[in-house]
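J.: Here you go, upload_38.cif (mmCIF, C-alpha atoms):
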data_data
loop_
_atom_site.label_atom_id
_atom_site.label_comp_id
_atom_site.auth_asym_id
_atom_site.auth_seq_id
_atom_site.Cartn_x
_atom_site.Cartn_y
_atom_site.Cartn_z
CA MET A 1 0.00 0.00 0.00
CA SER A 2 2.78 2.48 0.83
CA HIS A 3 4.23 1.83 -2.65
CA ILE A 4 0.91 2.74 -4.30
CA LYS A 5 0.55 5.85 -2.14
CA TYR A 6 4.13 6.83 -3.01
CA LEU A 7 3.35 6.57 -6.73
CA ALA A 8 0.07 8.47 -6.32
CA ALA A 9 1.90 11.39 -4.69
CA LYS A 10 4.12 11.95 -7.73
CA SER A 11 3.77 15.74 -7.69
CA ASP A 12 4.08 16.19 -3.91
CA ASN A 13 7.63 15.47 -2.75
CA GLU A 14 6.78 15.80 0.93
CA GLU A 15 4.07 13.12 0.65
CA ARG A 16 6.34 10.96 -1.52
CA GLU A 17 9.00 11.15 1.19
CA LYS A 18 6.54 10.12 3.90
CA TRP A 19 5.26 7.12 1.94
CA ALA A 20 8.77 6.09 0.90
CA ASN A 21 9.82 6.24 4.56
CA LEU A 22 6.89 4.03 5.53
CA PHE A 23 7.77 1.53 2.79
CA ARG A 24 11.39 1.47 3.95
CA TRP A 25 10.35 1.09 7.60
CA GLU A 26 7.94 -1.76 6.82
CA LEU A 27 10.45 -3.58 4.61
CA ALA A 28 13.32 -3.35 7.11
CA ARG A 29 11.18 -4.78 9.92
CA HIS A 30 9.62 -7.47 7.74
CA SER A 31 12.98 -8.66 6.41
CA VAL A 32 14.63 -9.08 9.80
CA ALA A 33 11.53 -10.74 11.29
CA GLU A 34 11.55 -13.22 8.38
CA GLU A 35 15.20 -14.03 8.99
CA ILE A 36 14.65 -14.58 12.71
CA ILE A 37 11.29 -16.41 12.67
CA TRP A 38 10.40 -17.68 9.18
CA TYR A 39 13.71 -19.04 7.87
CA PRO A 40 14.57 -21.18 10.92
CA ALA A 41 11.00 -22.53 10.91
CA LEU A 42 11.25 -23.26 7.18
CA GLN A 43 14.50 -25.16 7.72
CA LYS A 44 13.03 -27.13 10.62
CA ALA A 45 9.84 -28.05 8.75
CA LEU A 46 11.33 -28.84 5.33
CA GLY A 47 14.82 -30.05 6.21
CA GLU A 48 17.43 -29.71 3.48
CA ASN A 49 14.95 -28.20 1.00
CA GLY A 50 13.96 -25.62 3.60
CA ALA A 51 17.61 -24.86 4.33
CA LYS A 52 18.33 -24.31 0.62
CA ALA A 53 15.28 -22.07 0.26
CA ALA A 54 16.26 -20.08 3.34
CA GLU A 55 19.80 -19.57 2.01
CA ARG A 56 18.48 -18.35 -1.36
CA ASP A 57 16.07 -16.01 0.40
CA ARG A 58 18.78 -14.69 2.72
CA ALA A 59 20.88 -13.84 -0.34
CA GLU A 60 17.90 -11.97 -1.81
CA HIS A 61 17.42 -10.19 1.51
CA GLN A 62 21.07 -9.15 1.51
CA GLN A 63 20.63 -7.51 -1.89
CA ALA A 64 17.43 -5.84 -0.68
CA LYS A 65 19.21 -4.56 2.44
CA GLU A 66 21.95 -3.05 0.30
CA ASP A 67 19.39 -1.41 -1.99
CA LEU A 68 17.41 -0.23 1.02
CA LYS A 69 20.53 1.33 2.52
CA THR A 70 21.14 3.11 -0.79
CA LEU A 71 17.56 4.37 -0.73
CA GLU A 72 17.93 5.57 2.87
CA ASN A 73 20.91 7.68 1.80
CA LEU A 74 19.04 9.36 -1.06
CA LYS A 75 16.56 12.20 -0.96
CA VAL A 76 13.24 11.71 -2.70
CA THR A 77 14.25 14.52 -5.08
CA ASP A 78 17.52 12.82 -6.10
CA ALA A 79 17.69 11.57 -9.68
CA ASP A 80 18.32 7.94 -8.64
CA PHE A 81 15.62 7.74 -5.96
CA ASP A 82 12.76 6.55 -8.20
CA ARG A 83 15.00 4.02 -9.94
CA VAL A 84 16.26 2.51 -6.66
CA PHE A 85 12.75 2.56 -5.17
CA ALA A 86 11.29 0.77 -8.22
CA LYS A 87 14.13 -1.79 -8.24
CA LEU A 88 13.60 -2.51 -4.56
CA PHE A 89 9.84 -2.83 -4.95
CA ASN A 90 10.14 -5.13 -7.98
CA GLU A 91 12.69 -7.36 -6.21
CA LEU A 92 10.41 -7.50 -3.18
CA LYS A 93 7.42 -8.42 -5.33
CA GLU A 94 9.34 -11.26 -7.01
CA HIS A 95 10.64 -12.47 -3.64
CA MET A 96 7.15 -12.54 -2.15
CA GLU A 97 5.67 -14.32 -5.18
CA GLU A 98 8.42 -16.96 -4.96
CA GLU A 99 7.78 -17.53 -1.25
CA GLU A 100 4.02 -17.70 -1.68
CA LYS A 101 4.18 -20.00 -4.71
CA ASN A 102 7.05 -22.33 -3.83
CA HIS A 103 7.80 -22.23 -0.11
CA LEU A 104 4.60 -21.47 1.75
CA PRO A 105 2.43 -24.34 0.42
CA ASP A 106 5.01 -27.01 1.35
CA PHE A 107 5.68 -25.32 4.67
CA GLU A 108 1.99 -25.09 5.61
CA ALA A 109 1.51 -28.75 4.64
CA ALA A 110 4.37 -29.77 6.94
CA ILE A 111 3.14 -28.01 10.09
CA SER A 112 -0.07 -27.94 12.11
CA GLU A 113 -2.60 -25.12 12.02
CA GLU A 114 -1.67 -24.29 15.61
CA GLU A 115 2.02 -24.07 14.73
CA SER A 116 1.20 -21.85 11.76
CA GLN A 117 -0.80 -19.48 13.96
CA ARG A 118 1.90 -19.47 16.64
CA LEU A 119 4.59 -18.60 14.09
CA ALA A 120 2.43 -15.88 12.54
CA GLN A 121 1.98 -14.32 15.98
CA GLN A 122 5.71 -14.60 16.72
CA PHE A 123 6.45 -12.94 13.39
CA GLU A 124 4.15 -10.00 14.13
CA ASN A 125 5.52 -9.65 17.66
CA MET A 126 9.11 -9.77 16.43
CA LYS A 127 8.51 -6.81 14.12
CA LYS A 128 8.05 -4.66 17.24
CA TRP A 129 11.60 -5.42 18.40
CA VAL A 130 13.74 -5.45 15.27
CA PRO A 131 15.59 -2.61 13.52
CA THR A 132 13.55 -0.18 11.45
CA ARG A 133 16.40 0.65 9.09
CA SER A 134 18.65 -1.38 6.86
CA HIS A 135 21.87 -2.77 8.30
CA PRO A 136 23.44 -4.73 5.41
CA SER A 137 26.67 -5.39 7.30
CA ALA A 138 24.83 -7.04 10.22
CA PRO A 139 24.66 -10.86 10.39
CA ASN A 140 21.57 -12.34 8.73
CA LYS A 141 21.27 -15.57 10.73
CA PRO A 142 20.24 -16.14 14.34
CA PRO A 143 21.56 -15.90 16.98
CA PHE A 144 23.96 -13.15 15.89
CA GLU A 145 21.33 -11.35 13.83
CA THR A 146 19.06 -11.24 16.85
CA VAL A 147 21.77 -9.69 19.02
CA ALA A 148 22.82 -7.20 16.33
CA GLY A 149 19.19 -6.28 15.73
CA PHE A 150 18.46 -5.67 19.38
CA LEU A 151 21.52 -3.41 19.58
CA ALA A 152 20.54 -1.41 16.49
CA THR A 153 16.83 -1.07 17.27
CA PRO A 154 16.99 1.70 19.91
CA ILE A 155 19.15 3.86 17.66
CA ASP A 156 16.82 3.27 14.71
CA LYS A 157 13.78 4.16 16.80
CA VAL A 158 15.37 7.43 17.92
CA MET A 159 16.15 8.25 14.29
CA ASP A 160 12.53 7.42 13.39
CA MET A 161 11.39 10.14 15.79
CA PHE A 162 12.91 12.65 13.36
CA THR A 163 11.61 10.93 10.22
CA LYS A 164 8.46 12.03 8.42
CA PHE A 165 5.77 9.38 8.07
CA PRO A 166 2.24 9.60 6.64
CA THR A 167 -0.58 10.43 9.00
CA SER A 168 -4.16 9.28 8.75
CA THR A 169 -4.90 12.67 7.19
CA SER A 170 -2.32 12.32 4.40
CA ASN A 171 -4.14 12.94 1.16
CA ALA A 172 -1.95 10.92 -1.19
#
For the structure just supplied, provide its representation as C-alpha cells.

T.:
Amino acid sequence: MSHIKYLAAKSDNEEREKWANLFRWELARHSVAEEIIWYPALQKALGENGAKAAERDRAEHQQAKEDLKTLENLKVTDADFDRVFAKLFNELKEHMEEEEKNHLPDFEAAISEEESQRLAQQFENMKKWVPTRSHPSAPNKPPFETVAGFLATPIDKVMDMFTKFPTSTSNA
C-alpha cells in the first residue's frame, strides 16, 4: 500500500518522502523478522529443501538490504531515488511471489494449524523489536542477527522520531 501511495503522490515530494519512509520502515522490519522467525521454521519443517530455500532467500534479503541502505541515503528529489525505489519494490514483489508460490504451500503442509498461527503471531511480535532501518553489514542468521538487531533497534527508533511518516490525514 505504501508503494501505491508513493506513486500516487508523484507531484508532492513531501508526501512521496513520507510514503517512501513508511515503505522502507515496513520492509526493514519485515525482512529481519523473516530471517529470525520464518527461515529457521522453514528449515526445521522442510529439512534440506527448507535450508536451501532459506539460504536463497537470505541472499535476496542481503541484496534488498543493500538497496534499502542506498535508498535511505538518497533524498526523494535525487535523480536515482525513483529508480532505486522501483528496483527494490520489484525485487520484493518477485521475492514474495516466490515464497508464496514455492515455499509457503510445502511449509503449511508440513506443520499444524496451531504451529502456523503461533509462528504468525511470533512474526508480528518480532517486528516490534527489530531494527527499522537497513543494516546490510549485520549478520543475517540467528543468533547473531538477533543480538545485532536488538543493539541497532533503539538507535533506529530514535532516528525514526525525526523521520516524516504519513498520517491518517495524508491525502496521497

J.: Choose the residue, out of A:Met161, A:Ala110, A:Ala120, A:Met126, that has the smallest atom-to-atom separation from Gly47 of chain A; count all atoms listed in the file.

T.: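 Ranking A:Met161, A:Ala110, A:Ala120, A:Met126 by distance to Gly47 of chain A, first place goes to A:Ala110.
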
J.: Could you jot down the atom CA of Leu92 of chain A to atom CA of Glu35 of chain A separation for me, Å, one decimal place?

T.: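 These atoms are spaced 14.6 Å apart.
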
J.: Just checking: using only C-alpha atoms, which residue out of A:Ala8, A:Ala59, A:Ala20, A:Leu104 ends up closest to Lys75 of chain A?

T.: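 Nearest to Lys75 of chain A: A:Ala20.
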
J.: Need to verify the contact set: Glu60 of chain A, 9 Å, only C-alpha atoms, exclusion of same-chain residues closer than 5 positions in sequence. Can you return it as a PyMOL selection string?

T.: chain A and resi 55+65+91-92+95

J.: Next, the residues of the selection above should be written as a CSV table (one decimal), in the coordinates of the input with C-alpha atoms.

T.:
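Once written, out-v6.csv looks like this:
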chain,number,residue,atom,x,y,z
A,55,GLU,CA,19.8,-19.6,2.0
A,65,LYS,CA,19.2,-4.6,2.4
A,91,GLU,CA,12.7,-7.4,-6.2
A,92,LEU,CA,10.4,-7.5,-3.2
A,95,HIS,CA,10.6,-12.5,-3.6

J.: Name all residues at most 9 Å from His135 of chain A (count all atoms listed in the file; drop same-chain ones fewer than 3 positions away) and give them as a list in words.

T.: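 Those residues are Ala28, Lys65, Glu66, Leu68, Lys69, Pro131, Ala138, Pro139, Gly149 and Ala152 of chain A.
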
J.: Leaving out Gln121 of chain A and any residue of its chain fewer than 6 positions from it, which residues lie within 12 Å of it when counting only C-alpha atoms, given as a list in words?

T.: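 Returned residues: Ala33, Ile37, Trp38, Glu114, Glu115, Lys127 and Lys128 of chain A.
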
J.: Keeping C-alpha atoms for every residue in the selection just given, could you write it to a file as a PDB file, in the frame of the given file?

T.:
ATOM      1  CA  ALA A  33      11.530 -10.740  11.290  1.00  0.00           C
ATOM      2  CA  ILE A  37      11.290 -16.410  12.670  1.00  0.00           C
ATOM      3  CA  TRP A  38      10.400 -17.680   9.180  1.00  0.00           C
ATOM      4  CA  GLU A 114      -1.670 -24.290  15.610  1.00  0.00           C
ATOM      5  CA  GLU A 115       2.020 -24.070  14.730  1.00  0.00           C
ATOM      6  CA  LYS A 127       8.510  -6.810  14.120  1.00  0.00           C
ATOM      7  CA  LYS A 128       8.050  -4.660  17.240  1.00  0.00           C
TER       8      LYS A 128
END

J.: Expanded to explicit residues, what is the PyMOL selection byres ((chain A and resi 70) around 12) for this file, as JSON, numbers by chain?

T.: {"A": [24, 63, 64, 65, 66, 67, 68, 69, 71, 72, 73, 74, 75, 76, 78, 80, 81, 82, 83, 84, 85, 87, 88, 133, 134, 135, 136]}

J.: Determine the residue membership of the PyMOL selection byres ((chain A and resi 16) around 12) for the file above and supply it as JSON, numbers by chain.

T.: {"A": [2, 3, 4, 5, 6, 7, 8, 9, 10, 11, 12, 13, 14, 15, 17, 18, 19, 20, 21, 22, 23, 75, 76, 77, 81, 82, 85, 164, 165, 166, 170, 171, 172]}

J.: Can you tell me how far atom CA of Glu94 of chain A sits from atom CA of Gln117 of chain A, in Å to one decimal?

T.: 24.7 Å

J.: Rounded to one decimal, what separation in Å do you get between atom CA of Ala45 of chain A and atom CA of Phe150 of chain A?

T.: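 Between atom CA of Ala45 of chain A and atom CA of Phe150 of chain A the gap is 26.2 Å.
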
J.: Point out the residue among A:Asn102, A:Ser137, A:Thr167, A:Thr132 with the least atom-to-atom distance to Thr153 of chain A, counting all atoms listed in the file.

T.: A:Thr132

J.: Which is closest to Ser116 of chain A among A:Leu27, A:Met1, A:Asp57, A:Ala41, if we use only C-alpha atoms?

T.: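 Among A:Leu27, A:Met1, A:Asp57, A:Ala41, it is A:Ala41 that comes nearest to Ser116 of chain A.
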
J.: Taking the file as shown, find all residues satisfying the PyMOL selection byres ((chain A and resi 36) around 12) and write them as a PyMOL selection string.

T.: chain A and resi 29-35+37-43+54+58+119+122-127+129-130+139-150

J.: Export C-alpha atoms of the chosen residues as a PDB file, in the frame of the given file?

T.:
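Saved file selection_12.pdb follows:
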ATOM      1  CA  ARG A  29      11.180  -4.780   9.920  1.00  0.00           C
ATOM      2  CA  HIS A  30       9.620  -7.470   7.740  1.00  0.00           C
ATOM      3  CA  SER A  31      12.980  -8.660   6.410  1.00  0.00           C
ATOM      4  CA  VAL A  32      14.630  -9.080   9.800  1.00  0.00           C
ATOM      5  CA  ALA A  33      11.530 -10.740  11.290  1.00  0.00           C
ATOM      6  CA  GLU A  34      11.550 -13.220   8.380  1.00  0.00           C
ATOM      7  CA  GLU A  35      15.200 -14.030   8.990  1.00  0.00           C
ATOM      8  CA  ILE A  37      11.290 -16.410  12.670  1.00  0.00           C
ATOM      9  CA  TRP A  38      10.400 -17.680   9.180  1.00  0.00           C
ATOM     10  CA  TYR A  39      13.710 -19.040   7.870  1.00  0.00           C
ATOM     11  CA  PRO A  40      14.570 -21.180  10.920  1.00  0.00           C
ATOM     12  CA  ALA A  41      11.000 -22.530  10.910  1.00  0.00           C
ATOM     13  CA  LEU A  42      11.250 -23.260   7.180  1.00  0.00           C
ATOM     14  CA  GLN A  43      14.500 -25.160   7.720  1.00  0.00           C
ATOM     15  CA  ALA A  54      16.260 -20.080   3.340  1.00  0.00           C
ATOM     16  CA  ARG A  58      18.780 -14.690   2.720  1.00  0.00           C
ATOM     17  CA  LEU A 119       4.590 -18.600  14.090  1.00  0.00           C
ATOM     18  CA  GLN A 122       5.710 -14.600  16.720  1.00  0.00           C
ATOM     19  CA  PHE A 123       6.450 -12.940  13.390  1.00  0.00           C
ATOM     20  CA  GLU A 124       4.150 -10.000  14.130  1.00  0.00           C
ATOM     21  CA  ASN A 125       5.520  -9.650  17.660  1.00  0.00           C
ATOM     22  CA  MET A 126       9.110  -9.770  16.430  1.00  0.00           C
ATOM     23  CA  LYS A 127       8.510  -6.810  14.120  1.00  0.00           C
ATOM     24  CA  TRP A 129      11.600  -5.420  18.400  1.00  0.00           C
ATOM     25  CA  VAL A 130      13.740  -5.450  15.270  1.00  0.00           C
ATOM     26  CA  PRO A 139      24.660 -10.860  10.390  1.00  0.00           C
ATOM     27  CA  ASN A 140      21.570 -12.340   8.730  1.00  0.00           C
ATOM     28  CA  LYS A 141      21.270 -15.570  10.730  1.00  0.00           C
ATOM     29  CA  PRO A 142      20.240 -16.140  14.340  1.00  0.00           C
ATOM     30  CA  PRO A 143      21.560 -15.900  16.980  1.00  0.00           C
ATOM     31  CA  PHE A 144      23.960 -13.150  15.890  1.00  0.00           C
ATOM     32  CA  GLU A 145      21.330 -11.350  13.830  1.00  0.00           C
ATOM     33  CA  THR A 146      19.060 -11.240  16.850  1.00  0.00           C
ATOM     34  CA  VAL A 147      21.770  -9.690  19.020  1.00  0.00           C
ATOM     35  CA  ALA A 148      22.820  -7.200  16.330  1.00  0.00           C
ATOM     36  CA  GLY A 149      19.190  -6.280  15.730  1.00  0.00           C
ATOM     37  CA  PHE A 150      18.460  -5.670  19.380  1.00  0.00           C
TER      38      PHE A 150
END

J.: Quick one: 5 Å padding each side, axis-aligned, all listed atoms of segment 52-70 of chain A - centre and edge lengths in Å to one decimal, as AutoDock Vina command-line options?

T.:
--center_x 18.6 --center_y -10.6 --center_z 0.7 --size_x 16.7 --size_y 37.4 --size_z 15.3
